[in-house]
Amino acid sequence: MMTRPPVAREPGDRPAGRPARTKSAKTKLAEVVVVCSKCAKRQGLRPRAVRALLKGAAKQAVKDGALTGRTKLCIVESGCLGPCPKRAVAVATGASLAEGRIVLLNPDAASQDALAAVLRPVLPRRRAPEFGPNTPLAAVPPAESPPDA
């Protein structure tokens, strides 16, 4: 019995009959928080101290009724996030990363203050005014005509 030699496929090729699909699933997580392990180590914190601080604050907030709905936090330690503050820990969430920002968390802060700093909504950046050649000029009402020089 002869077998066919394997056919070299391109990296993006799919077998016939299988369309490319993306799938998603529901989660019970309220937020994914990324903590810089280098910053935590520099502050003299034990390896999972920030995790314990935020998880404990989230559980207490649920008991107090401050957090509702999805309340679980997924806290992940990672390598360097970029900024290396002297007296803070660099922390990022999905919302802060979408805005291109890193939250600097004071490790000595109260647990509720730390949770509020991490979960607060990130305000969108104001767009800088554009003064390029394609910017339309604002119409001046006739009553406000420029002064004659």
# chains A, B, ... in the order shown; residues from 1 in each chain; ligands from 1
$ closest_atom_pairs --of "region 54-109 of chain A" --to "region 114-119 of chain A" --cutoff "7 Å" --atoms "only C-alpha atoms" --output "JSON lines"
{"residue": "A:Leu54", "atom": "CA", "partner": "A:Leu115", "partner_atom": "CA", "distance": 5.9}
{"residue": "A:Ala57", "atom": "CA", "partner": "A:Leu115", "partner_atom": "CA", "distance": 6.3}
{"residue": "A:Ala58", "atom": "CA", "partner": "A:Leu115", "partner_atom": "CA", "distance": 7.0}
{"residue": "A:Val103", "atom": "CA", "partner": "A:Val118", "partner_atom": "CA", "distance": 6.9}
{"residue": "A:Leu105", "atom": "CA", "partner": "A:Ala114", "partner_atom": "CA", "distance": 6.7}
{"residue": "A:Ala109", "atom": "CA", "partner": "A:Ala114", "partner_atom": "CA", "distance": 6.1}
$ closest_residue --among "A:Ser96, A:Ala110, A:Gly56, A:Arg51" --to "Cys36 (chain A)" --atoms "only C-alpha atoms"
A:Arg51
$ residues_around --residues "region 31-34 of chain A" --least-positions-apart "4" --cutoff "7 Å" --atoms "only C-alpha atoms" --output "PyMOL selection string"
chain A and resi 73-78+91-94
$ write_last_selection --atoms "C-alpha atoms" --output "PDB file, in the first residue's frame"
ATOM      1  CA  LEU A  73     -10.474  39.705  40.055  1.00  0.00           C
ATOM      2  CA  CYS A  74      -7.803  37.808  38.167  1.00  0.00           C
ATOM      3  CA  ILE A  75      -4.465  39.112  39.415  1.00  0.00           C
ATOM      4  CA  VAL A  76      -1.416  38.118  37.410  1.00  0.00           C
ATOM      5  CA  GLU A  77       2.206  38.916  38.162  1.00  0.00           C
ATOM      6  CA  SER A  78       4.358  39.759  35.162  1.00  0.00           C
ATOM      7  CA  VAL A  91      -0.238  47.868  37.953  1.00  0.00           C
ATOM      8  CA  ALA A  92      -2.242  47.616  34.712  1.00  0.00           C
ATOM      9  CA  THR A  93      -5.815  46.654  33.891  1.00  0.00           C
ATOM     10  CA  GLY A  94      -7.496  46.046  30.577  1.00  0.00           C
TER      11      GLY A  94
END
$ closest_residue --among "A:Thr22, A:Thr27, A:Asn106, A:Gln112" --to "Leu67 (chain A)" --atoms "only C-alpha atoms"
A:Gln112
$ atom_distance --atom1 "CA of Gln43 (chain A)" --atom2 "CA of Arg87 (chain A)"
6.9 Å
$ residues_around --residues "Ala40 (chain A)" --least-positions-apart "5" --cutoff "8 Å" --atoms "only C-alpha atoms" --output "ChimeraX atom specification"
/A:35,45-47,50,89
$ write_last_selection --atoms "C-alpha atoms" --output "short mmCIF file (atom, residue, chain, number, x, y, z; two decimals), in the first residue's frame"
data_model
loop_
_atom_site.label_atom_id
_atom_site.label_comp_id
_atom_site.auth_asym_id
_atom_site.auth_seq_id
_atom_site.Cartn_x
_atom_site.Cartn_y
_atom_site.Cartn_z
CA VAL A 35 1.17 43.52 38.63
CA LEU A 45 6.78 42.95 49.35
CA ARG A 46 6.44 39.19 49.50
CA PRO A 47 5.64 37.60 46.11
CA VAL A 50 -0.36 42.86 46.12
CA VAL A 89 4.10 49.33 42.24
#
$ atom_distance --atom1 "CA of Lys86 (chain A)" --atom2 "CA of Ala61 (chain A)"
29.0 Å
$ atom_distance --atom1 "CA of Lys26 (chain A)" --atom2 "CA of Ile102 (chain A)"
26.1 Å
$ select_by_dssp --residues "region 41-81 of chain A" --states "helix (DSSP H, G or I)" --output "list in words"
Lys41, Arg42, Ala49, Val50, Arg51, Ala52, Leu53, Leu54, Lys55, Gly56, Ala57, Ala58, Lys59, Gln60, Ala61, Val62, Lys63 and Asp64 of chain A
